[in-house]
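Enquirer: After the structure tokens below, expect a handful of questions from me.
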Protein chains: 6
Amino acid sequence: MAKVITQIERADAALIDGLAAAGVATVHEAQGRIGLLASRMRPIYAGARIAGSAVTISAPPGDNWMIHVAIEQLHAGDILVLAPTSPCEDGFFGDLLATAAMARGCRGLVIDAGVRDVRDLTQMAFPVWSRAVFAQGTVKATLGSVNVPIVCAGAAIDPGDVIIADDDGVCVVKRVDAAGILQKAQEREAVEEAKRKRLAAGEHSLDIFDLRTRLAELGLRYE
Amino acid sequence: MAKVITQIERADAALIDGLAAAGVATVHEAQGRIGLLASRMRPIYAGARIAGSAVTISAPPGDNWMIHVAIEQLHAGDILVLAPTSPCEDGFFGDLLATAAMARGCRGLVIDAGVRDVRDLTQMAFPVWSRAVFAQGTVKATLGSVNVPIVCAGAAIDPGDVIIADDDGVCVVKRVDAAGILQKAQEREAVEEAKRKRLAAGEHSLDIFDLRTRLAELGLRYE
Amino acid sequence: MAKVITQIERADAALIDGLAAAGVATVHEAQGRIGLLASRMRPIYAGARIAGSAVTISAPPGDNWMIHVAIEQLHAGDILVLAPTSPCEDGFFGDLLATAAMARGCRGLVIDAGVRDVRDLTQMAFPVWSRAVFAQGTVKATLGSVNVPIVCAGAAIDPGDVIIADDDGVCVVKRVDAAGILQKAQEREAVEEAKRKRLAAGEHSLDIFDLRTRLAELGLRYE
Amino acid sequence: MAKVITQIERADAALIDGLAAAGVATVHEAQGRIGLLASRMRPIYAGARIAGSAVTISAPPGDNWMIHVAIEQLHAGDILVLAPTSPCEDGFFGDLLATAAMARGCRGLVIDAGVRDVRDLTQMAFPVWSRAVFAQGTVKATLGSVNVPIVCAGAAIDPGDVIIADDDGVCVVKRVDAAGILQKAQEREAVEEAKRKRLAAGEHSLDIFDLRTRLAELGLRYE
Amino acid sequence: MAKVITQIERADAALIDGLAAAGVATVHEAQGRIGLLASRMRPIYAGARIAGSAVTISAPPGDNWMIHVAIEQLHAGDILVLAPTSPCEDGFFGDLLATAAMARGCRGLVIDAGVRDVRDLTQMAFPVWSRAVFAQGTVKATLGSVNVPIVCAGAAIDPGDVIIADDDGVCVVKRVDAAGILQKAQEREAVEEAKRKRLAAGEHSLDIFDLRTRLAELGLRYE
Amino acid sequence: MAKVITQIERADAALIDGLAAAGVATVHEAQGRIGLLASRMRPIYAGARIAGSAVTISAPPGDNWMIHVAIEQLHAGDILVLAPTSPCEDGFFGDLLATAAMARGCRGLVIDAGVRDVRDLTQMAFPVWSRAVFAQGTVKATLGSVNVPIVCAGAAIDPGDVIIADDDGVCVVKRVDAAGILQKAQEREAVEEAKRKRLAAGEHSLDIFDLRTRLAELGLRYE
């Protein structure tokens, strides 16, 4: 049942870049608080904020063969997204694969497993979000699939979905929803900017969000 | 049973600043090795070292309403301390709430749950110690309490207790004990400084602490 | 049964330094993918890369007495390696012990427990790989052993074995294997450098490693 | 965006019962080793083996309101499947809800959160697979959805999918695949039965599965 | 600072037995959903349901000396409650200590650490709620305290507080609140019994609890 | 480097059976509190107590090929002990392999990974100690080794070492130490039996073990 889907649809590049600028927290809110990957997915270095189209990989534990296959399928602007078929923290990915991926314009890796050579990856500015940093090597013995639907760190991801990743973690936006979500995200940012100024000036959020009445109705007592 | 205590006693500002200067490890030792929060409480960026009076929050999982309520209760120099009523890693707190808290002189947040917008918080120099970084949004639907006794990450904390936090984690000192503990902490620092010089000069701690006799009594063999 | 072995054999200094230069991931590969410590062993700051001879410590939970004993046994270039006899994350080690260890030329600490004073240790450039950062103090009440075989974070380590540690984690090389492993590591680095150039130039790893035939044999379908 | 889908398609009852009889491990194998929920999903008592149609619930952490809504949607033979929108181990479900669910013919509950009243549930013979047993109460304050696609303990589940659960854990079979998978499962059982007899009689699996040649080719040495 | 408080107040025996009969989930609800110990506290065998007065123990990791001290302080009907001063899963308690405790009328042990000899304890019908089963032995080298306030598995417990423990976990009721909580628990049980009958008869909880209006107000859509 | 050692030495059968009768906790104590496997190793059913000679397996994550190889090496009375080369909870072992192992007189399995078909294994009375119950299937693609030294759940185990396993967990005794440890275990049991009677009769362990003097010396205060 192992297969590689070679033709996937991707979202518009401008939408993707807009979602990157909005960042994970804002995009997650804009789409109704769905799409987050589990909090165990942490960046190997601080400060990266990327978005791209998911090239998905389903791989057996301890076997990184399908990453080699997936890299051939990369377009510029893509992000590799790997979910092992059972929990594993082996170091599926290191500086050689990063070199190959960067040569194809890959923007980063999201992997619910381990990564290694993180000093090199940091110097190369190739960002990775992973569940572990672990040098344990992997084999090339068993097939998996590329560009099939996966569940990665608790989120359902289809190939071509938009991945947004920054210091807060990783979020996925369905490809067909990208335009709508971007608009909502930008609206949210505008609203938040206004609130931020009022809060910085010392107004209470209880007033800005008009929360006092409901608090009283529910019975909150001030003593 | 939800309530907000609006008047709490706080320790003297000079004592608080003295405890900040001593740092978590020294204060923890000075008070007989009690008061540490669990090791899962990690700073979102390295290098911060703060102390302040605890404004405590007991909140349901996934509901940050009471943070809005608590911010109104902040005095300059306070630290927000939140314990969810059951384990939760949602992102209760982000840059808007940090803006509001900073506007009232809040020195930081200690939260046994998640935090988001950590890039912004880092740029704002608003330190947070949390169990997770997670963008998951929260609701404002259910009451909790502010300035009640809580257990946060395994430590019992009363409102107005002194919180000390740095790269080693978080420690709480009972408000009424602050003066005594500060004195012991400073005495300890003086003693340690003397030992540090002797150790740097090559003396053995086995001699400085006079440990050899007891080792022999208990039967340690050198082979 | 507590004892201190005062005479241990160490690997040649040049071999040790060569292994440090190769780094954890390469050494792990060079020796057939064995010897890694568990991924929970993380550095307290990024960028350190060291190797040294293991001075091993077996200590009861919450008791750091044997570190004092072990420091006396250090030679320049050694690394302290501590495994508690049951899981523990207390802060066995801080700036005073680091001062003493550095005075004897110790290159770092690997501890399957906690460490504290991490800000000081970072400023001192004394690297530590640990399972936790935790200020919890320890006692000096119960004996353990120094320079006995231990299992640390899942790896069997004998005194005098070579420890390599960097941002990817920690690896152990048997003392008697050091020369052979170093040679293989350097050969591997040479091979990898050649591959890196080809990958950077855009060649596919599927071609460089000649993987396509076996993929087809196993039935991978491209759609 | 909260909604309840009131009409869902279900698999044929005979297929469902057939899958129950096959059990989790066999079904998982029969469908190509997909569909397992994470190993943290454990039964509250040993010995139950059920299958049924998934009535799915997406609920906020600490809020069990949607279970009340979902129970109204139950048909005889269904299984409730709840995924919180962020990790939570509160006790969403106890004996009252079990009484209501059993009154509608519900066969059990799969919940990636907590359950309580487990002594009562055991006496009622209402099986539950959960990540935790925890008495922590929940609120009814925030909407979720019923019969929408969810990811539960790492598996993507659509309403009406067939859930199989036993002492080995929980597995999901896509509704439309149920007939095909059942056939493969039964074929697999027949094959396994034959093998079991040969193995019980003392034959080597290396011979039965003809594994010796490939072992030798790959270089396994017997010493 | 190590001490043993020899005189503690206990709740009335009839209240304690009443709370045992109500069980953990009901008592937890009756007192406003507070007082639960963390879900990691699991019974070593199913079916026990006890309540008793807490004799508290604060002990260093890996040191069970204070249990010996505490047993001397037991009255008939008490429960031992141990919190280590840092996380530890050593086997602090086995059949010898259980024999001693039972000889004094102790009803069970709640320990946020490990226990051993669980087969013997099961045969003796001495119930234990613990975070681990682990045979690791402990020492008698460092003092702790008996009958001081502790935080055990996230709950603040004073000596003489009422501990309730069953298959759902462990709950603490403040001694002075026992009478009031028991009354509320019994009222709750009466109300639940009525609801249970209506639910068993097929009524919807949405009707019994009058939940439909608020669901509609908040915008839940049925499709 | 994959290999199978076909000739291993085993301890005397009577010694092994004697150690089984003593049980894990007693044996662990008798040999100076070493040799325990981590507490995550739990039995799939209660009540089993076995001992046997270790036939060790080092296997890649998700690959159970070497179990087939190891079963051929079993003698009556042996115990299979598997450590994956990186953390993995896949179900390496089920009822078919158990059938094959039992046909060779194997007494049980200790596996720092997952097991499946646990209902069948329970009915077959084939005991397993594992870190997980998980139905996830494994492949037969990559070599490992049989009867080589391994580290399993934190304990160093050589082929032919004596494994003892019961409800308290798993312990290893070095083959050459078996006779001495058995004698100490039996002596310990005799001593404990005497103490048990005195404790059951109401004597204080503080008196039996003569602990009061040292408590006073260290400063324990009774208030």
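Scheme for the structure tokens: letters A, B, ... for chains in order shown; per-chain residue numbers from 1; ligand numbers from 1 in order shown.
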Show me which bits of chain A are within 7 Å of chain F, counting only C-alpha atoms, as a count of residues only.

Expert: 8

Enquirer: Please produce, as JSON lines, a per-residue contact table for range 84-159 of chain C versus range 36-51 of chain C (criterion: any atom at most 12 Å away, only C-alpha atoms considered), showing the nearest atom pair and its distance in Å to one decimal, sorted by chain then residue number.

Expert:
{"residue": "C:Glu89", "atom": "CA", "partner": "C:Arg40", "partner_atom": "CA", "distance": 11.6}
{"residue": "C:Cys106", "atom": "CA", "partner": "C:Ala51", "partner_atom": "CA", "distance": 10.5}
{"residue": "C:Arg107", "atom": "CA", "partner": "C:Ile50", "partner_atom": "CA", "distance": 7.1}
{"residue": "C:Gly108", "atom": "CA", "partner": "C:Ile50", "partner_atom": "CA", "distance": 7.8}
{"residue": "C:Leu109", "atom": "CA", "partner": "C:Pro43", "partner_atom": "CA", "distance": 9.8}
{"residue": "C:Val110", "atom": "CA", "partner": "C:Met41", "partner_atom": "CA", "distance": 8.0}
{"residue": "C:Ile111", "atom": "CA", "partner": "C:Met41", "partner_atom": "CA", "distance": 7.8}
{"residue": "C:Asp112", "atom": "CA", "partner": "C:Met41", "partner_atom": "CA", "distance": 6.9}
{"residue": "C:Ala113", "atom": "CA", "partner": "C:Met41", "partner_atom": "CA", "distance": 9.0}
{"residue": "C:Gly114", "atom": "CA", "partner": "C:Met41", "partner_atom": "CA", "distance": 10.1}
{"residue": "C:Val115", "atom": "CA", "partner": "C:Ile44", "partner_atom": "CA", "distance": 8.8}
{"residue": "C:Arg116", "atom": "CA", "partner": "C:Ile44", "partner_atom": "CA", "distance": 9.7}
{"residue": "C:Asp117", "atom": "CA", "partner": "C:Ile44", "partner_atom": "CA", "distance": 10.3}
{"residue": "C:Val118", "atom": "CA", "partner": "C:Ile44", "partner_atom": "CA", "distance": 6.8}
{"residue": "C:Arg119", "atom": "CA", "partner": "C:Ile44", "partner_atom": "CA", "distance": 9.0}
{"residue": "C:Asp120", "atom": "CA", "partner": "C:Ile44", "partner_atom": "CA", "distance": 10.9}
{"residue": "C:Leu121", "atom": "CA", "partner": "C:Ile44", "partner_atom": "CA", "distance": 8.5}
{"residue": "C:Thr122", "atom": "CA", "partner": "C:Tyr45", "partner_atom": "CA", "distance": 6.7}
{"residue": "C:Gln123", "atom": "CA", "partner": "C:Tyr45", "partner_atom": "CA", "distance": 10.1}
{"residue": "C:Met124", "atom": "CA", "partner": "C:Tyr45", "partner_atom": "CA", "distance": 11.5}
{"residue": "C:Ala125", "atom": "CA", "partner": "C:Ala48", "partner_atom": "CA", "distance": 8.5}
{"residue": "C:Phe126", "atom": "CA", "partner": "C:Ala48", "partner_atom": "CA", "distance": 9.0}
{"residue": "C:Pro127", "atom": "CA", "partner": "C:Ala48", "partner_atom": "CA", "distance": 6.5}
{"residue": "C:Val128", "atom": "CA", "partner": "C:Pro43", "partner_atom": "CA", "distance": 5.6}
{"residue": "C:Trp129", "atom": "CA", "partner": "C:Pro43", "partner_atom": "CA", "distance": 4.2}
{"residue": "C:Ser130", "atom": "CA", "partner": "C:Met41", "partner_atom": "CA", "distance": 4.9}
{"residue": "C:Arg131", "atom": "CA", "partner": "C:Met41", "partner_atom": "CA", "distance": 4.9}
{"residue": "C:Ala132", "atom": "CA", "partner": "C:Arg42", "partner_atom": "CA", "distance": 8.1}
{"residue": "C:Val133", "atom": "CA", "partner": "C:Ile44", "partner_atom": "CA", "distance": 7.9}
{"residue": "C:Phe134", "atom": "CA", "partner": "C:Ile44", "partner_atom": "CA", "distance": 11.4}
{"residue": "C:Val151", "atom": "CA", "partner": "C:Leu37", "partner_atom": "CA", "distance": 9.4}
{"residue": "C:Cys152", "atom": "CA", "partner": "C:Leu37", "partner_atom": "CA", "distance": 7.0}
{"residue": "C:Ala153", "atom": "CA", "partner": "C:Leu37", "partner_atom": "CA", "distance": 5.2}
{"residue": "C:Gly154", "atom": "CA", "partner": "C:Leu37", "partner_atom": "CA", "distance": 5.8}
{"residue": "C:Ala155", "atom": "CA", "partner": "C:Leu37", "partner_atom": "CA", "distance": 5.4}
{"residue": "C:Ala156", "atom": "CA", "partner": "C:Leu37", "partner_atom": "CA", "distance": 9.0}
{"residue": "C:Ile157", "atom": "CA", "partner": "C:Leu37", "partner_atom": "CA", "distance": 9.9}

Enquirer: Write out, as a short mmCIF file (atom, residue, chain, number, x, y, z; two decimals), in the first residue's frame, the residues just selected, with N, CA, C and O atoms.

Expert:
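What follows is the written file selection-v3.cif:
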data_model
loop_
_atom_site.label_atom_id
_atom_site.label_comp_id
_atom_site.auth_asym_id
_atom_site.auth_seq_id
_atom_site.Cartn_x
_atom_site.Cartn_y
_atom_site.Cartn_z
N GLU C 89 15.46 13.85 39.98
CA GLU C 89 15.81 15.05 39.23
C GLU C 89 16.31 16.17 40.15
O GLU C 89 16.36 17.33 39.74
N CYS C 106 38.37 19.42 34.77
CA CYS C 106 37.19 18.69 34.30
C CYS C 106 36.53 19.43 33.14
O CYS C 106 36.40 20.65 33.18
N ARG C 107 36.10 18.69 32.14
CA ARG C 107 35.54 19.33 30.94
C ARG C 107 34.02 19.46 30.97
O ARG C 107 33.46 20.15 30.10
N GLY C 108 33.36 18.78 31.90
CA GLY C 108 31.91 18.90 31.93
C GLY C 108 31.30 17.79 32.75
O GLY C 108 32.00 16.94 33.32
N LEU C 109 29.98 17.82 32.80
CA LEU C 109 29.21 16.87 33.61
C LEU C 109 28.08 16.28 32.78
O LEU C 109 27.39 17.01 32.06
N VAL C 110 27.90 14.98 32.90
CA VAL C 110 26.75 14.29 32.32
C VAL C 110 26.02 13.65 33.49
O VAL C 110 26.60 12.81 34.20
N ILE C 111 24.75 14.03 33.72
CA ILE C 111 24.06 13.60 34.92
C ILE C 111 22.61 13.26 34.61
O ILE C 111 21.87 14.10 34.10
N ASP C 112 22.23 12.02 34.90
CA ASP C 112 20.84 11.61 34.66
C ASP C 112 19.99 12.01 35.87
O ASP C 112 19.32 11.19 36.49
N ALA C 113 20.07 13.29 36.18
CA ALA C 113 19.34 13.87 37.30
C ALA C 113 19.30 15.37 37.03
O ALA C 113 19.39 15.78 35.87
N GLY C 114 19.20 16.18 38.10
CA GLY C 114 19.09 17.61 37.88
C GLY C 114 20.37 18.36 38.15
O GLY C 114 21.32 17.83 38.74
N VAL C 115 20.40 19.61 37.72
CA VAL C 115 21.52 20.51 37.93
C VAL C 115 20.93 21.87 38.28
O VAL C 115 19.81 22.19 37.92
N ARG C 116 21.70 22.69 39.01
CA ARG C 116 21.22 24.02 39.34
C ARG C 116 22.34 25.05 39.17
O ARG C 116 23.44 24.69 38.79
N ASP C 117 22.00 26.31 39.44
CA ASP C 117 22.94 27.41 39.19
C ASP C 117 23.30 27.47 37.71
O ASP C 117 24.45 27.76 37.35
N VAL C 118 22.36 27.21 36.86
CA VAL C 118 22.70 27.08 35.44
C VAL C 118 23.14 28.40 34.83
O VAL C 118 23.90 28.41 33.86
N ARG C 119 22.68 29.53 35.40
CA ARG C 119 23.18 30.80 34.89
C ARG C 119 24.67 30.93 35.18
O ARG C 119 25.45 31.33 34.31
N ASP C 120 25.05 30.59 36.39
CA ASP C 120 26.47 30.63 36.74
C ASP C 120 27.29 29.65 35.89
O ASP C 120 28.36 30.00 35.39
N LEU C 121 26.78 28.46 35.75
CA LEU C 121 27.51 27.45 34.97
C LEU C 121 27.70 27.91 33.53
O LEU C 121 28.74 27.66 32.91
N THR C 122 26.68 28.57 33.00
CA THR C 122 26.78 29.08 31.64
C THR C 122 27.86 30.15 31.56
O THR C 122 28.68 30.16 30.62
N GLN C 123 27.88 31.04 32.55
CA GLN C 123 28.90 32.10 32.53
C GLN C 123 30.31 31.52 32.72
O GLN C 123 31.28 32.05 32.17
N MET C 124 30.39 30.44 33.51
CA MET C 124 31.67 29.78 33.71
C MET C 124 32.08 28.94 32.50
O MET C 124 33.19 28.42 32.46
N ALA C 125 31.16 28.76 31.55
CA ALA C 125 31.39 27.88 30.40
C ALA C 125 31.71 26.45 30.85
O ALA C 125 32.60 25.80 30.31
N PHE C 126 30.99 26.03 31.88
CA PHE C 126 31.11 24.63 32.31
C PHE C 126 29.87 23.90 31.80
O PHE C 126 28.77 24.06 32.32
N PRO C 127 30.01 23.07 30.77
CA PRO C 127 28.83 22.47 30.14
C PRO C 127 28.29 21.28 30.94
O PRO C 127 29.06 20.51 31.51
N VAL C 128 26.98 21.17 30.97
CA VAL C 128 26.31 20.07 31.65
C VAL C 128 25.21 19.53 30.74
O VAL C 128 24.48 20.29 30.11
N TRP C 129 25.13 18.21 30.68
CA TRP C 129 23.99 17.54 30.04
C TRP C 129 23.22 16.84 31.16
O TRP C 129 23.81 16.02 31.89
N SER C 130 21.93 17.13 31.27
CA SER C 130 21.15 16.63 32.39
C SER C 130 19.73 16.30 31.94
O SER C 130 19.30 16.68 30.86
N ARG C 131 19.00 15.60 32.81
CA ARG C 131 17.59 15.33 32.52
C ARG C 131 16.69 16.46 33.01
O ARG C 131 15.51 16.48 32.66
N ALA C 132 17.21 17.33 33.86
CA ALA C 132 16.38 18.39 34.42
C ALA C 132 17.25 19.51 34.91
O ALA C 132 18.42 19.31 35.24
N VAL C 133 16.68 20.70 34.94
CA VAL C 133 17.24 21.81 35.69
C VAL C 133 16.33 21.97 36.89
O VAL C 133 15.12 22.16 36.74
N PHE C 134 16.90 21.87 38.09
CA PHE C 134 16.05 21.85 39.28
C PHE C 134 16.93 22.27 40.47
O PHE C 134 18.01 21.74 40.67
N VAL C 151 24.97 2.29 34.52
CA VAL C 151 24.08 2.52 33.38
C VAL C 151 23.52 3.92 33.55
O VAL C 151 22.82 4.20 34.52
N CYS C 152 23.87 4.81 32.62
CA CYS C 152 23.44 6.21 32.71
C CYS C 152 22.54 6.53 31.53
O CYS C 152 22.96 6.44 30.37
N ALA C 153 21.29 6.86 31.82
CA ALA C 153 20.34 7.22 30.76
C ALA C 153 20.29 6.15 29.68
O ALA C 153 20.23 6.44 28.50
N GLY C 154 20.35 4.90 30.11
CA GLY C 154 20.18 3.79 29.20
C GLY C 154 21.44 3.26 28.56
O GLY C 154 21.39 2.27 27.82
N ALA C 155 22.59 3.88 28.84
CA ALA C 155 23.85 3.42 28.24
C ALA C 155 24.77 2.86 29.32
O ALA C 155 24.93 3.46 30.38
N ALA C 156 25.37 1.73 29.02
CA ALA C 156 26.33 1.12 29.95
C ALA C 156 27.66 1.84 29.80
O ALA C 156 28.20 1.94 28.69
N ILE C 157 28.19 2.37 30.90
CA ILE C 157 29.43 3.16 30.87
C ILE C 157 30.41 2.62 31.91
O ILE C 157 30.06 2.46 33.08
#

Enquirer: Within 9 Å of Ile208 in chain A, counting only C-alpha atoms, which residues qualify if same-chain residues fewer than 4 places away don't, as an MDAnalysis selection string?

Expert: chainID A and resid 195 198:199 203:204

Enquirer: Could you write out the selected residues, including N, CA and C atoms, as a PDB file, in the first residue's frame?

Expert:
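The resulting file, part_0.pdb, is shown below:
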ATOM      1  N   LYS A 195      -6.604  47.036  20.548  1.00  0.00           N
ATOM      2  CA  LYS A 195      -6.732  46.664  21.961  1.00  0.00           C
ATOM      3  C   LYS A 195      -5.392  46.828  22.690  1.00  0.00           C
ATOM      4  N   ARG A 198      -4.855  50.319  23.835  1.00  0.00           N
ATOM      5  CA  ARG A 198      -5.686  50.698  24.972  1.00  0.00           C
ATOM      6  C   ARG A 198      -5.166  50.037  26.257  1.00  0.00           C
ATOM      7  N   LEU A 199      -4.767  48.787  26.143  1.00  0.00           N
ATOM      8  CA  LEU A 199      -4.245  48.086  27.319  1.00  0.00           C
ATOM      9  C   LEU A 199      -2.940  48.713  27.785  1.00  0.00           C
ATOM     10  N   GLU A 203      -6.036  50.904  30.268  1.00  0.00           N
ATOM     11  CA  GLU A 203      -7.433  50.479  30.373  1.00  0.00           C
ATOM     12  C   GLU A 203      -7.495  49.027  30.829  1.00  0.00           C
ATOM     13  N   HIS A 204      -8.608  48.672  31.477  1.00  0.00           N
ATOM     14  CA  HIS A 204      -8.793  47.298  31.929  1.00  0.00           C
ATOM     15  C   HIS A 204      -9.442  46.460  30.825  1.00  0.00           C
TER      16      HIS A 204
END

Enquirer: Can you tell me, as a PDB file with N, CA, C and O atoms, in the first residue's frame, what residues are no more than 9 Å from Lys184 in chain A when counting only C-alpha atoms, ignoring any on the same chain fewer than 6 positions away?

Expert:
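See result25.pdb below for the written result:
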ATOM      1  N   VAL A  27      -3.231  32.654  13.506  1.00  0.00           N
ATOM      2  CA  VAL A  27      -3.889  31.795  12.522  1.00  0.00           C
ATOM      3  C   VAL A  27      -4.792  30.764  13.217  1.00  0.00           C
ATOM      4  O   VAL A  27      -5.926  30.521  12.799  1.00  0.00           O
ATOM      5  N   GLU A  29      -6.299  31.068  16.027  1.00  0.00           N
ATOM      6  CA  GLU A  29      -7.509  31.756  16.474  1.00  0.00           C
ATOM      7  C   GLU A  29      -8.426  32.062  15.282  1.00  0.00           C
ATOM      8  O   GLU A  29      -9.645  31.895  15.359  1.00  0.00           O
ATOM      9  N   ALA A  30      -7.824  32.515  14.205  1.00  0.00           N
ATOM     10  CA  ALA A  30      -8.623  32.947  13.053  1.00  0.00           C
ATOM     11  C   ALA A  30      -9.437  31.802  12.460  1.00  0.00           C
ATOM     12  O   ALA A  30     -10.491  32.015  11.866  1.00  0.00           O
ATOM     13  N   GLN A  31      -8.971  30.590  12.627  1.00  0.00           N
ATOM     14  CA  GLN A  31      -9.718  29.473  12.049  1.00  0.00           C
ATOM     15  C   GLN A  31     -10.536  28.717  13.100  1.00  0.00           C
ATOM     16  O   GLN A  31     -10.900  27.558  12.885  1.00  0.00           O
TER      17      GLN A  31
END

Enquirer: Step one, run DSSP on the backbone; step two, keep only residues of range 49-133 of chain B assigned to helix (DSSP H, G or I); then write them as an MDAnalysis selection string.

Expert: chainID B and resid 65:72 95:103 118:124

Enquirer: For the residues in that selection, give me N, CA, C and O atoms as a compact mmCIF listing (two decimals), in the first residue's frame.

Expert:
# COMPACT_ATOMS: atom_id res chain seq x y z
N TRP B 65 -10.38 33.55 31.91
CA TRP B 65 -11.16 34.72 32.33
C TRP B 65 -10.57 35.37 33.58
O TRP B 65 -10.49 36.59 33.71
N MET B 66 -10.18 34.52 34.51
CA MET B 66 -9.73 35.06 35.79
C MET B 66 -8.41 35.82 35.68
O MET B 66 -8.08 36.60 36.58
N ILE B 67 -7.65 35.60 34.59
CA ILE B 67 -6.44 36.42 34.44
C ILE B 67 -6.85 37.88 34.21
O ILE B 67 -6.23 38.80 34.77
N HIS B 68 -7.88 38.08 33.42
CA HIS B 68 -8.37 39.45 33.22
C HIS B 68 -8.77 40.07 34.55
O HIS B 68 -8.49 41.24 34.82
N VAL B 69 -9.44 39.27 35.37
CA VAL B 69 -9.86 39.77 36.68
C VAL B 69 -8.65 40.05 37.57
O VAL B 69 -8.60 41.06 38.28
N ALA B 70 -7.67 39.17 37.50
CA ALA B 70 -6.50 39.31 38.37
C ALA B 70 -5.66 40.53 38.02
O ALA B 70 -5.07 41.17 38.90
N ILE B 71 -5.58 40.82 36.75
CA ILE B 71 -4.72 41.95 36.33
C ILE B 71 -5.19 43.25 36.99
O ILE B 71 -4.37 44.10 37.35
N GLU B 72 -6.50 43.36 37.17
CA GLU B 72 -7.01 44.57 37.83
C GLU B 72 -6.53 44.67 39.28
O GLU B 72 -6.52 45.75 39.87
N ASP B 95 0.47 38.09 24.29
CA ASP B 95 1.05 39.44 24.33
C ASP B 95 0.04 40.50 24.78
O ASP B 95 0.44 41.49 25.39
N LEU B 96 -1.26 40.30 24.53
CA LEU B 96 -2.21 41.32 24.97
C LEU B 96 -2.28 41.38 26.49
O LEU B 96 -2.23 42.45 27.09
N LEU B 97 -2.41 40.23 27.11
CA LEU B 97 -2.46 40.20 28.57
C LEU B 97 -1.14 40.69 29.17
O LEU B 97 -1.13 41.35 30.21
N ALA B 98 -0.05 40.37 28.49
CA ALA B 98 1.24 40.86 28.99
C ALA B 98 1.31 42.38 28.92
O ALA B 98 1.85 43.03 29.82
N THR B 99 0.76 42.93 27.86
CA THR B 99 0.72 44.39 27.74
C THR B 99 -0.07 45.00 28.90
O THR B 99 0.36 45.99 29.53
N ALA B 100 -1.22 44.39 29.18
CA ALA B 100 -2.05 44.89 30.28
C ALA B 100 -1.33 44.74 31.62
O ALA B 100 -1.36 45.63 32.47
N ALA B 101 -0.69 43.60 31.81
CA ALA B 101 -0.01 43.36 33.09
C ALA B 101 1.18 44.31 33.27
O ALA B 101 1.39 44.86 34.36
N MET B 102 1.94 44.50 32.19
CA MET B 102 3.09 45.40 32.29
C MET B 102 2.64 46.83 32.59
O MET B 102 3.34 47.59 33.28
N ALA B 103 1.49 47.18 32.05
CA ALA B 103 0.98 48.54 32.30
C ALA B 103 0.71 48.77 33.78
O ALA B 103 0.61 49.91 34.23
N VAL B 118 5.28 33.75 22.51
CA VAL B 118 6.52 33.83 23.29
C VAL B 118 7.57 34.69 22.61
O VAL B 118 8.43 35.26 23.27
N ARG B 119 7.51 34.81 21.29
CA ARG B 119 8.45 35.72 20.63
C ARG B 119 8.17 37.16 21.04
O ARG B 119 9.08 37.91 21.36
N ASP B 120 6.90 37.52 21.06
CA ASP B 120 6.53 38.87 21.49
C ASP B 120 6.89 39.09 22.96
O ASP B 120 7.44 40.14 23.31
N LEU B 121 6.59 38.12 23.78
CA LEU B 121 6.87 38.27 25.20
C LEU B 121 8.37 38.44 25.44
O LEU B 121 8.79 39.21 26.31
N THR B 122 9.16 37.72 24.65
CA THR B 122 10.61 37.85 24.77
C THR B 122 11.05 39.26 24.38
O THR B 122 11.87 39.88 25.07
N GLN B 123 10.49 39.75 23.28
CA GLN B 123 10.86 41.11 22.84
C GLN B 123 10.40 42.17 23.85
O GLN B 123 11.05 43.19 24.04
N MET B 124 9.27 41.91 24.50
CA MET B 124 8.76 42.83 25.52
C MET B 124 9.53 42.69 26.83
O MET B 124 9.32 43.48 27.75

Enquirer: Enumerate, as a list in words, the complete set of residues in range 101-167 of chain F that a backbone-based DSSP assignment places in strand (DSSP E or B).

Expert: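 Filtering range 101-167 of chain F down to strand (DSSP E or B) leaves Gly108, Leu109, Val110, Ile111, Asp112, Ala113, Gly114, Val115, Val128, Trp129, Ser130, Arg131, Ala132, Val133, Val139, Ser145, Val146, Ile150, Val151, Cys152, Ala155, Ala156, Ile157, Val162, Ile163, Ile164, Ala165 and Asp166 of chain F.
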